[in-house]
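A.B. asks: Pasting a structure below so you can have a look.
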Amino acid sequence: MKYNKKELLKTKVEHLDIKKFNSVPLIDSFDKMAFQSRNLARACKIYDEMLHNKDCTNILCLAGSLVSAGLKKVIIDLIKHNMIDCIVSTGAIVVDQDFFEGLGFNHYRGFINADDNQLRELMIDRIYDTFIDEEDLRFCDVTTKKIADSMKPGAYSSRQFIIKMGEYLDKNGKADSFVYEAYKKEIPIFCPAFSDSSAGFGLVFHQTEKKENSIAIDSVKDFRELTEIKVNAKDTGLLMIGGGIPKNFVQDTVVAADILGISAPMHKYAIQLTVADERDGALSGSTLKEANSWGKVDSGLEQMVYAEATLTLPLLASYAYHKGSWKSRKEKRLNKIFSK
Ligand SMILES: NC(=O)c1ccc[n+]([C@@H]2O[C@H](COP(=O)([O-])OP(=O)(O)OC[C@H]3O[C@@H](n4cnc5c(N)ncnc54)[C@H](O)[C@@H]3O)[C@@H](O)[C@H]2O)c1
């Protein structure tokens, strides 16, 4: 069946609101069951403890396609209600999905049995059952170039560049964005593989045009800054969605501190919501118990939950929101520890 572009890009993905339902009774029932329901209940209780512990810096790690799937508002609510202090993410979530929506573009509900040849001809990209207008994404690429062009030549951490994206949205934003919410609350966002996203296209264009007068993203600076956050915190807790580069980058700060001769404790709390399992020996599915052997995650308050995040994250975030432990937390505004 042939469709035109307008017919395919008609129904927007809507972002779920954790304030509209209370998952506490469901999670309490899950706690009395078995398998992943009980694992999720334990993860919820650990997250509540992280929020209760006033000395804990909570770091949210994001991988996968969470914003395009309708989880943007969940992340915004975690930021607005002071439930996280720092974010480590893939570039796709920060740039291609969140910043993209902040510019006023949308993700659309599509279908998995689409004719992908026809989609390509229409310049429509597909993520499983969602559609994106490639022409809108090109605007996003060019916007990151525009931001880079406006910066003084030199090397910047992704955190510094993402602050500039927040400033851009402050003047030109057209819709909700967690990059913008984090900017207002001075919450650092790191993307260790920043160029592996829409920003990469913009930065290639920028460096090709500006040559020696260009900017560069310094991933070592990212690692130094994230390690500084780790060593300045008394306790740290990780809420990891998916796995991938953000999971390893944040865990490695304990080892980086050790190399610098600074004694930093292992991450005290760690939760991972993922579909990856440990059989292939890769990082994404490696258990948090295993991370203890590397000296990265403390044992006792860690929990893996093996299920897809569009199902588990709303339940966990709604539980934390309705439990209300965030109400007595102080804002950390960690961007302030850096000069810029
Ligand atoms: N996801 C995209 O559409 C997209 C688009 C452009 C660029 N990229 C880039 O590709 C790189 C890797 O991307 P990635 O983070 O999408 O994949 P990834 O394969 O690195 O994901 C990491 C792990 O998270 C798990 N995971 C992902 N989504 C999940 C979910 N909804 N629920 C539970 N577990 C989940 C995966 O199984 C995997 O084990 C990044 O640098 C990113 O910027 C991704």
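The chains in the structure tokens are called A, B, ... from first to last as shown; in each chain the residues are counted from 1, and the ligands are counted from 1 in the order shown.
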Counting only C-alpha atoms and all ligand atoms, what are the residues, protein, DNA or RNA alike, that approach ligand 1 to within 6 Å? I want them as a list of chain:residue names.

C.D. replies: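 Sorted by chain and then by number, the residues are A:Ala63, A:Gly64, A:Ser65, A:Thr90, A:Gly91, A:Ala92, A:Ala193, A:Asp196, A:Ser197, A:Gly242, A:Gly243, A:Gly244, A:Leu273, A:Thr274, A:Val275, A:Ala276, A:Ser284, A:Ala307, A:Glu308, A:Ala309, A:Thr310.
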
A.B. asks: Leaving out range 230-232 of chain A and any residue of its chain fewer than 6 positions from it, which residues lie within 12 Å of it when counting only C-alpha atoms, given as a CSV table (one decimal) with all heavy atoms, in the first residue's frame?

C.D. replies:
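Written out: part.csv:
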```
chain,number,residue,atom,x,y,z
A,55,ASP,N,23.2,12.7,51.1
A,55,ASP,CA,24.6,12.8,50.7
A,55,ASP,C,24.9,12.1,49.3
A,55,ASP,O,26.0,12.0,48.9
A,55,ASP,CB,25.5,12.2,51.7
A,55,ASP,CG,25.5,13.0,53.0
A,55,ASP,OD1,25.5,14.2,53.0
A,55,ASP,OD2,25.6,12.3,54.1
A,56,CYS,N,23.8,11.7,48.7
A,56,CYS,CA,24.0,10.9,47.5
A,56,CYS,C,23.8,11.8,46.2
A,56,CYS,O,22.8,12.5,46.1
A,56,CYS,CB,23.0,9.7,47.4
A,56,CYS,SG,23.3,8.6,46.0
A,57,THR,N,24.8,11.7,45.3
A,57,THR,CA,24.6,12.3,44.0
A,57,THR,C,24.1,11.3,43.0
A,57,THR,O,24.7,10.2,42.9
A,57,THR,CB,26.0,12.9,43.5
A,57,THR,OG1,26.4,13.9,44.4
A,57,THR,CG2,26.0,13.4,42.1
A,58,ASN,N,22.9,11.6,42.4
A,58,ASN,CA,22.3,10.6,41.6
A,58,ASN,C,22.6,10.9,40.1
A,58,ASN,O,22.3,12.0,39.6
A,58,ASN,CB,20.7,10.7,41.8
A,58,ASN,CG,20.4,10.3,43.2
A,58,ASN,OD1,21.2,9.6,43.9
A,58,ASN,ND2,19.2,10.6,43.7
A,59,ILE,N,23.1,9.9,39.4
A,59,ILE,CA,23.5,10.1,38.0
A,59,ILE,C,22.6,9.2,37.2
A,59,ILE,O,22.5,8.0,37.4
A,59,ILE,CB,25.0,9.7,37.8
A,59,ILE,CG1,25.9,10.5,38.8
A,59,ILE,CG2,25.4,9.9,36.4
A,59,ILE,CD1,27.3,10.2,38.9
A,85,ASP,N,20.9,14.4,39.6
A,85,ASP,CA,21.9,15.6,39.7
A,85,ASP,C,22.8,15.7,38.5
A,85,ASP,O,23.5,16.7,38.3
A,85,ASP,CB,22.7,15.4,40.9
A,85,ASP,CG,21.9,15.2,42.2
A,85,ASP,OD1,21.0,16.0,42.4
A,85,ASP,OD2,22.0,14.1,42.8
A,86,CYS,N,22.9,14.6,37.6
A,86,CYS,CA,23.8,14.6,36.5
A,86,CYS,C,23.3,13.6,35.5
A,86,CYS,O,22.6,12.6,35.9
A,86,CYS,CB,25.2,14.2,37.1
A,86,CYS,SG,26.5,14.0,35.9
A,223,PHE,N,35.6,13.1,30.6
A,223,PHE,CA,36.0,12.1,31.6
A,223,PHE,C,36.5,12.8,32.9
A,223,PHE,O,36.2,12.4,34.0
A,223,PHE,CB,36.9,11.1,31.0
A,223,PHE,CG,37.1,9.8,31.8
A,223,PHE,CD1,36.0,9.3,32.5
A,223,PHE,CD2,38.2,9.0,31.6
A,223,PHE,CE1,36.1,8.1,33.2
A,223,PHE,CE2,38.3,7.8,32.3
A,223,PHE,CZ,37.3,7.4,33.1
A,224,ARG,N,37.4,13.8,32.7
A,224,ARG,CA,37.9,14.5,33.8
A,224,ARG,C,36.8,15.2,34.6
A,224,ARG,O,36.8,15.2,35.9
A,224,ARG,CB,38.9,15.6,33.3
A,224,ARG,CG,40.4,15.2,33.3
A,224,ARG,CD,41.3,16.4,33.2
A,224,ARG,NE,41.2,17.1,31.9
A,224,ARG,CZ,40.9,18.4,31.8
A,224,ARG,NH1,40.7,19.1,32.9
A,224,ARG,NH2,40.9,18.9,30.6
A,238,LEU,N,23.6,5.2,40.7
A,238,LEU,CA,23.5,5.2,39.3
A,238,LEU,C,22.1,4.6,38.9
A,238,LEU,O,21.7,3.6,39.4
A,238,LEU,CB,24.5,4.4,38.6
A,238,LEU,CG,26.0,4.6,39.0
A,238,LEU,CD1,26.9,3.6,38.3
A,238,LEU,CD2,26.4,6.0,38.8
A,249,PHE,N,31.3,4.6,31.1
A,249,PHE,CA,31.9,5.8,31.4
A,249,PHE,C,31.8,6.3,32.8
A,249,PHE,O,32.7,6.7,33.5
A,249,PHE,CB,31.3,6.9,30.4
A,249,PHE,CG,32.2,8.0,30.0
A,249,PHE,CD1,33.4,7.8,29.4
A,249,PHE,CD2,31.8,9.3,30.4
A,249,PHE,CE1,34.2,8.9,29.0
A,249,PHE,CE2,32.7,10.4,30.0
A,249,PHE,CZ,33.8,10.2,29.3
A,250,VAL,N,30.5,6.2,33.3
A,250,VAL,CA,30.3,6.6,34.7
A,250,VAL,C,30.9,5.7,35.7
A,250,VAL,O,31.4,6.1,36.7
A,250,VAL,CB,28.7,6.9,34.9
A,250,VAL,CG1,28.0,5.6,35.0
A,250,VAL,CG2,28.5,7.8,36.1
A,251,GLN,N,30.8,4.4,35.4
A,251,GLN,CA,31.4,3.4,36.4
A,251,GLN,C,32.9,3.6,36.5
A,251,GLN,O,33.5,3.5,37.5
A,251,GLN,CB,31.1,2.0,35.9
A,251,GLN,CG,29.6,1.6,36.1
A,251,GLN,CD,29.4,0.2,35.9
A,251,GLN,OE1,30.3,-0.7,35.9
A,251,GLN,NE2,28.1,-0.2,35.8
A,252,ASP,N,33.6,4.0,35.3
A,252,ASP,CA,35.0,4.1,35.3
A,252,ASP,C,35.5,5.3,36.1
A,252,ASP,O,36.8,5.4,36.3
A,252,ASP,CB,35.5,4.2,33.9
A,252,ASP,CG,35.8,2.9,33.2
A,252,ASP,OD1,35.6,1.9,33.9
A,252,ASP,OD2,36.1,2.8,32.0
A,253,THR,N,34.7,6.2,36.5
A,253,THR,CA,35.2,7.4,37.3
A,253,THR,C,35.8,7.0,38.6
A,253,THR,O,36.7,7.6,39.1
A,253,THR,CB,34.0,8.4,37.6
A,253,THR,OG1,33.0,7.7,38.3
A,253,THR,CG2,33.5,9.0,36.3
A,254,VAL,N,35.4,5.8,39.1
A,254,VAL,CA,36.0,5.3,40.4
A,254,VAL,C,37.4,5.0,40.1
A,254,VAL,O,38.3,5.3,40.9
A,254,VAL,CB,35.2,4.1,40.9
A,254,VAL,CG1,35.8,3.6,42.3
A,254,VAL,CG2,33.7,4.4,41.1
A,255,VAL,N,37.7,4.3,39.0
A,255,VAL,CA,39.0,3.9,38.7
A,255,VAL,C,39.9,5.1,38.3
A,255,VAL,O,41.1,5.2,38.7
A,255,VAL,CB,39.0,2.9,37.5
A,255,VAL,CG1,40.4,2.4,37.2
A,255,VAL,CG2,38.1,1.7,37.8
A,256,ALA,N,39.3,6.1,37.6
A,256,ALA,CA,40.0,7.3,37.2
A,256,ALA,C,40.5,8.1,38.5
A,256,ALA,O,41.6,8.5,38.5
A,256,ALA,CB,39.1,8.2,36.3
A,257,ALA,N,39.6,8.1,39.5
A,257,ALA,CA,40.0,8.8,40.7
A,257,ALA,C,41.2,8.1,41.4
A,257,ALA,O,42.1,8.7,41.8
A,257,ALA,CB,38.8,8.8,41.7
A,258,ASP,N,41.1,6.8,41.3
A,258,ASP,CA,42.2,5.9,41.9
A,258,ASP,C,43.5,6.2,41.2
A,258,ASP,O,44.5,6.4,41.9
A,258,ASP,CB,41.8,4.5,41.8
A,258,ASP,CG,42.6,3.6,42.7
A,258,ASP,OD1,43.0,4.0,43.8
A,258,ASP,OD2,43.0,2.5,42.2
A,260,LEU,N,44.3,8.9,39.8
A,260,LEU,CA,44.8,10.2,40.2
A,260,LEU,C,45.3,10.3,41.7
A,260,LEU,O,45.6,11.3,42.2
A,260,LEU,CB,43.6,11.2,40.0
A,260,LEU,CG,43.2,11.5,38.6
A,260,LEU,CD1,42.0,12.4,38.6
A,260,LEU,CD2,44.3,12.1,37.8
A,261,GLY,N,45.2,9.1,42.3
A,261,GLY,CA,45.6,9.1,43.7
A,261,GLY,C,44.5,9.6,44.7
A,261,GLY,O,44.9,9.9,45.8
A,262,ILE,N,43.3,9.7,44.2
A,262,ILE,CA,42.2,10.2,45.1
A,262,ILE,C,41.4,9.0,45.5
A,262,ILE,O,40.9,8.2,44.7
A,262,ILE,CB,41.3,11.3,44.4
A,262,ILE,CG1,42.2,12.4,43.8
A,262,ILE,CG2,40.2,11.8,45.3
A,262,ILE,CD1,41.5,13.3,42.8
A,263,SER,N,41.1,8.9,46.8
A,263,SER,CA,40.3,7.8,47.2
A,263,SER,C,38.8,8.1,47.1
A,263,SER,O,38.3,9.0,47.8
A,263,SER,CB,40.7,7.5,48.7
A,263,SER,OG,39.7,6.8,49.3
A,264,ALA,N,38.2,7.5,46.2
A,264,ALA,CA,36.7,7.7,46.0
A,264,ALA,C,36.1,6.3,46.2
A,264,ALA,O,36.5,5.3,45.6
A,264,ALA,CB,36.4,8.2,44.6
A,265,PRO,N,35.0,6.3,46.9
A,265,PRO,CA,34.3,5.0,47.1
A,265,PRO,C,33.7,4.5,45.8
A,265,PRO,O,33.4,5.3,44.9
A,265,PRO,CB,33.2,5.3,48.2
A,265,PRO,CG,33.0,6.8,48.1
A,265,PRO,CD,34.3,7.4,47.6
A,266,MET,N,33.4,3.2,45.8
A,266,MET,CA,32.7,2.7,44.6
A,266,MET,C,31.3,3.3,44.6
A,266,MET,O,30.8,3.8,45.6
A,266,MET,CB,32.5,1.1,44.8
A,266,MET,CG,33.8,0.4,44.5
A,266,MET,SD,33.6,-1.4,44.6
A,266,MET,CE,33.8,-1.7,46.4
A,267,HIS,N,30.6,3.2,43.5
A,267,HIS,CA,29.2,3.7,43.4
A,267,HIS,C,28.4,2.9,44.4
A,267,HIS,O,28.4,1.7,44.4
A,267,HIS,CB,28.6,3.6,42.0
A,267,HIS,CG,29.4,4.4,41.0
A,267,HIS,ND1,29.3,5.8,41.0
A,267,HIS,CD2,30.2,4.1,40.0
A,267,HIS,CE1,30.1,6.3,40.0
A,267,HIS,NE2,30.6,5.3,39.4
A,268,LYS,N,27.7,3.6,45.4
A,268,LYS,CA,27.0,2.9,46.5
A,268,LYS,C,25.8,2.2,46.0
A,268,LYS,O,25.4,1.1,46.5
A,268,LYS,CB,26.7,3.9,47.5
A,268,LYS,CG,26.0,3.3,48.8
A,268,LYS,CD,26.0,4.3,49.9
A,268,LYS,CE,25.3,3.6,51.1
A,268,LYS,NZ,25.4,4.5,52.3
A,296,LYS,N,34.1,-1.1,40.9
A,296,LYS,CA,33.3,0.1,40.4
A,296,LYS,C,32.0,0.3,41.1
A,296,LYS,O,31.6,1.4,41.3
A,296,LYS,CB,33.1,-0.1,38.9
A,296,LYS,CG,34.3,-0.1,38.0
A,296,LYS,CD,34.0,-0.4,36.6
A,296,LYS,CE,35.3,-0.4,35.7
A,296,LYS,NZ,35.0,-0.8,34.3
A,332,LYS,N,21.6,20.3,43.6
A,332,LYS,CA,23.0,20.3,43.7
A,332,LYS,C,23.6,21.2,42.6
A,332,LYS,O,24.7,21.7,42.8
A,332,LYS,CB,23.6,18.9,43.4
A,332,LYS,CG,23.2,17.9,44.6
A,332,LYS,CD,24.1,16.7,44.7
A,332,LYS,CE,24.0,15.9,46.0
A,332,LYS,NZ,22.7,15.6,46.5
A,334,LEU,N,25.3,21.1,39.8
A,334,LEU,CA,26.7,20.7,39.7
A,334,LEU,C,27.4,21.4,38.6
A,334,LEU,O,28.7,21.4,38.6
A,334,LEU,CB,26.8,19.2,39.5
A,334,LEU,CG,26.3,18.3,40.7
A,334,LEU,CD1,26.3,16.8,40.3
A,334,LEU,CD2,27.2,18.5,41.9
A,337,ILE,N,30.3,23.7,39.7
A,337,ILE,CA,31.6,23.4,40.2
A,337,ILE,C,32.7,23.6,39.1
A,337,ILE,O,33.9,23.6,39.4
A,337,ILE,CB,31.8,22.0,40.8
A,337,ILE,CG1,31.6,20.9,39.7
A,337,ILE,CG2,30.8,21.7,41.9
A,337,ILE,CD1,31.9,19.5,40.3
A,338,PHE,N,32.2,23.8,37.9
A,338,PHE,CA,33.1,24.1,36.8
A,338,PHE,C,33.1,25.6,36.5
A,338,PHE,O,32.1,26.3,36.7
A,338,PHE,CB,32.8,23.3,35.5
A,338,PHE,CG,32.6,21.9,35.8
A,338,PHE,CD1,31.4,21.3,35.9
A,338,PHE,CD2,33.8,21.1,36.0
A,338,PHE,CE1,31.3,19.9,36.2
A,338,PHE,CE2,33.6,19.7,36.3
A,338,PHE,CZ,32.4,19.1,36.4
```

A.B. asks: When you count only C-alpha atoms, which of these residues is closest to Lys10 in chain A: A:Gly281, A:Gly104, A:Gly324, A:Gly110?

C.D. replies: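 Result for the nearest residue to Lys10 in chain A: A:Gly110.
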
A.B. asks: Which parts of range 111-145 of chain A does DSSP call strand (DSSP E or B) when run on the backbone here, written out as an MDAnalysis selection string?

C.D. replies: chainID A and resid 124:127 130:133

A.B. asks: Using only N, CA, C and O atoms, please write the residues we just selected to a file, as an mmCIF file, in the first residue's frame.

C.D. replies:
```
data_model
loop_
_atom_site.group_PDB
_atom_site.id
_atom_site.type_symbol
_atom_site.label_atom_id
_atom_site.label_comp_id
_atom_site.auth_asym_id
_atom_site.auth_seq_id
_atom_site.Cartn_x
_atom_site.Cartn_y
_atom_site.Cartn_z
ATOM 1 N N ILE A 124 11.826 9.566 5.070
ATOM 2 C CA ILE A 124 11.302 9.262 6.407
ATOM 3 C C ILE A 124 12.196 8.183 7.019
ATOM 4 O O ILE A 124 12.452 7.154 6.386
ATOM 5 N N ASP A 125 12.710 8.450 8.216
ATOM 6 C CA ASP A 125 13.539 7.458 8.913
ATOM 7 C C ASP A 125 12.650 6.683 9.877
ATOM 8 O O ASP A 125 11.676 7.227 10.409
ATOM 9 N N ARG A 126 13.014 5.412 10.109
ATOM 10 C CA ARG A 126 12.189 4.574 11.001
ATOM 11 C C ARG A 126 13.013 4.084 12.183
ATOM 12 O O ARG A 126 14.138 3.621 12.013
ATOM 13 N N ILE A 127 12.478 4.227 13.393
ATOM 14 C CA ILE A 127 13.026 3.550 14.579
ATOM 15 C C ILE A 127 11.923 2.601 15.027
ATOM 16 O O ILE A 127 10.910 3.052 15.597
ATOM 17 N N THR A 130 8.358 3.852 15.037
ATOM 18 C CA THR A 130 8.211 5.311 14.991
ATOM 19 C C THR A 130 8.852 5.856 13.712
ATOM 20 O O THR A 130 9.813 5.270 13.196
ATOM 21 N N PHE A 131 8.322 6.976 13.245
ATOM 22 C CA PHE A 131 8.824 7.623 12.032
ATOM 23 C C PHE A 131 9.352 9.019 12.360
ATOM 24 O O PHE A 131 8.840 9.688 13.261
ATOM 25 N N ILE A 132 10.358 9.436 11.582
ATOM 26 C CA ILE A 132 10.965 10.757 11.757
ATOM 27 C C ILE A 132 11.132 11.370 10.374
ATOM 28 O O ILE A 132 11.528 10.675 9.424
ATOM 29 N N ASP A 133 10.892 12.661 10.270
ATOM 30 C CA ASP A 133 11.095 13.352 9.003
ATOM 31 C C ASP A 133 12.582 13.705 8.879
ATOM 32 O O ASP A 133 13.107 14.511 9.651
#
```

A.B. asks: Between A:Glu302, A:Glu186, A:Asp235, A:Asp277, which one has atoms that come closest to Ile87 in chain A, using only C-alpha atoms?

C.D. replies: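 Distance minimum relative to Ile87 in chain A lands on A:Glu186.
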
A.B. asks: Of the candidates A:Val67, A:Ala182, A:Leu239, A:Leu78, which shows the shortest atom-to-atom distance to Ile18 in chain A, using only C-alpha atoms?

C.D. replies: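 Smallest separation from Ile18 in chain A among the options: A:Leu78.
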
A.B. asks: I'd like the interatomic distance between CA of Ile245 in chain A and CA of Ala216 in chain A, to a tenth of an Å.

C.D. replies: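 If I compute the distance from CA of Ile245 in chain A to CA of Ala216 in chain A, I get 19.7 Å.
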
A.B. asks: Tell me which protein, DNA and RNA residues are within 12 Å of Phe194 in chain A, counting only C-alpha atoms, leaving out same-chain ones fewer than 4 positions away, and put them as a ChimeraX atom specification.

C.D. replies: /A:88-96,144,156-162,189-190,198-204,216-219,222,245-246

A.B. asks: For N, CA, C and O atoms, I'd like the residues from the last selection saved as a compact mmCIF listing (two decimals), in the first residue's frame.

C.D. replies:
```
# COMPACT_ATOMS: atom_id res chain seq x y z
N VAL A 88 24.39 11.21 31.99
CA VAL A 88 25.36 10.74 31.00
C VAL A 88 24.54 10.00 29.93
O VAL A 88 23.75 9.11 30.27
N SER A 89 24.67 10.40 28.68
CA SER A 89 23.75 9.89 27.66
C SER A 89 24.47 9.61 26.34
O SER A 89 25.59 10.05 26.11
N THR A 90 23.76 8.92 25.47
CA THR A 90 24.22 8.85 24.09
C THR A 90 23.86 10.17 23.40
O THR A 90 22.94 10.88 23.84
N GLY A 91 24.57 10.45 22.31
CA GLY A 91 24.29 11.67 21.55
C GLY A 91 22.92 11.61 20.90
O GLY A 91 22.22 12.63 20.78
N ALA A 92 22.50 10.41 20.49
CA ALA A 92 21.21 10.29 19.80
C ALA A 92 20.08 10.78 20.69
O ALA A 92 19.19 11.52 20.24
N ILE A 93 20.10 10.40 21.95
CA ILE A 93 19.01 10.81 22.86
C ILE A 93 19.06 12.32 23.08
O ILE A 93 18.03 13.00 23.03
N VAL A 94 20.26 12.85 23.30
CA VAL A 94 20.38 14.28 23.61
C VAL A 94 20.11 15.16 22.38
O VAL A 94 19.37 16.14 22.48
N VAL A 95 20.73 14.81 21.25
CA VAL A 95 20.65 15.70 20.09
C VAL A 95 19.53 15.30 19.13
O VAL A 95 18.58 16.07 18.92
N ASP A 96 19.62 14.09 18.56
CA ASP A 96 18.67 13.68 17.51
C ASP A 96 17.24 13.61 18.03
O ASP A 96 16.29 13.71 17.26
N THR A 144 23.25 22.44 15.08
CA THR A 144 24.44 22.19 15.90
C THR A 144 25.66 22.85 15.26
O THR A 144 26.54 23.34 15.97
N TYR A 156 36.27 21.75 23.85
CA TYR A 156 35.20 21.82 24.86
C TYR A 156 34.77 20.42 25.26
O TYR A 156 34.79 19.50 24.42
N SER A 157 34.33 20.28 26.50
CA SER A 157 33.68 19.02 26.86
C SER A 157 32.29 19.02 26.23
O SER A 157 31.74 20.10 25.92
N SER A 158 31.71 17.83 26.09
CA SER A 158 30.33 17.78 25.56
C SER A 158 29.41 18.53 26.52
O SER A 158 28.44 19.16 26.09
N ARG A 159 29.71 18.48 27.82
CA ARG A 159 28.90 19.21 28.81
C ARG A 159 28.83 20.70 28.46
O ARG A 159 27.75 21.31 28.48
N GLN A 160 29.99 21.27 28.10
CA GLN A 160 30.02 22.70 27.76
C GLN A 160 29.20 22.99 26.49
O GLN A 160 28.50 23.98 26.41
N PHE A 161 29.33 22.08 25.52
CA PHE A 161 28.58 22.29 24.27
C PHE A 161 27.08 22.18 24.52
O PHE A 161 26.27 22.95 23.99
N ILE A 162 26.70 21.23 25.39
CA ILE A 162 25.26 21.01 25.65
C ILE A 162 24.68 22.20 26.42
O ILE A 162 23.50 22.54 26.26
N ILE A 189 25.17 17.56 31.63
CA ILE A 189 24.86 16.42 30.74
C ILE A 189 26.14 16.10 29.97
O ILE A 189 26.74 16.99 29.36
N PHE A 190 26.55 14.85 30.02
CA PHE A 190 27.75 14.40 29.29
C PHE A 190 27.33 13.41 28.20
O PHE A 190 26.50 12.54 28.43
N SER A 198 23.43 13.31 15.52
CA SER A 198 23.16 14.45 14.63
C SER A 198 24.20 15.55 14.81
O SER A 198 24.58 16.24 13.86
N ALA A 199 24.70 15.70 16.06
CA ALA A 199 25.73 16.72 16.32
C ALA A 199 26.99 16.44 15.51
O ALA A 199 27.69 17.36 15.07
N GLY A 200 27.28 15.14 15.27
CA GLY A 200 28.47 14.77 14.50
C GLY A 200 28.43 15.36 13.11
O GLY A 200 29.43 15.89 12.61
N PHE A 201 27.26 15.30 12.45
CA PHE A 201 27.14 15.86 11.09
C PHE A 201 27.41 17.37 11.11
O PHE A 201 28.14 17.90 10.29
N GLY A 202 26.82 18.03 12.10
CA GLY A 202 27.00 19.48 12.23
C GLY A 202 28.45 19.84 12.50
O GLY A 202 28.99 20.80 11.94
N LEU A 203 29.11 19.03 13.34
CA LEU A 203 30.50 19.34 13.71
C LEU A 203 31.47 19.03 12.57
O LEU A 203 32.47 19.73 12.39
N VAL A 204 31.18 18.01 11.77
CA VAL A 204 32.00 17.72 10.58
C VAL A 204 31.91 18.92 9.61
O VAL A 204 32.93 19.41 9.10
N ALA A 216 36.41 21.72 18.96
CA ALA A 216 36.47 20.25 19.00
C ALA A 216 35.84 19.80 20.31
O ALA A 216 35.85 20.54 21.29
N ILE A 217 35.29 18.59 20.28
CA ILE A 217 34.75 18.03 21.52
C ILE A 217 35.81 17.11 22.11
O ILE A 217 36.31 16.20 21.43
N ASP A 218 36.16 17.39 23.35
CA ASP A 218 37.26 16.71 24.02
C ASP A 218 36.68 15.68 25.00
O ASP A 218 36.24 16.03 26.10
N SER A 219 36.68 14.39 24.60
CA SER A 219 36.04 13.39 25.46
C SER A 219 36.88 13.09 26.71
O SER A 219 36.36 12.57 27.69
N ASP A 222 35.59 15.47 29.16
CA ASP A 222 34.35 14.91 29.70
C ASP A 222 34.66 13.97 30.87
O ASP A 222 34.03 14.04 31.92
N ILE A 245 27.72 2.94 26.19
CA ILE A 245 28.85 3.77 26.61
C ILE A 245 28.58 4.52 27.93
O ILE A 245 29.44 4.56 28.80
N PRO A 246 27.39 5.13 28.10
CA PRO A 246 27.18 5.87 29.36
C PRO A 246 27.40 5.00 30.60
O PRO A 246 27.95 5.45 31.60
```

A.B. asks: Please return, as a VMD selection string, all residues of range 13-221 of chain A that DSSP assigns to alpha helix (DSSP H) on the basis of the backbone.

C.D. replies: chain A and resid 24 to 30 35 to 52 72 to 80 91 100 to 102 116 to 121 134 to 149 158 to 172 178 to 184 198 to 210 219 to 221
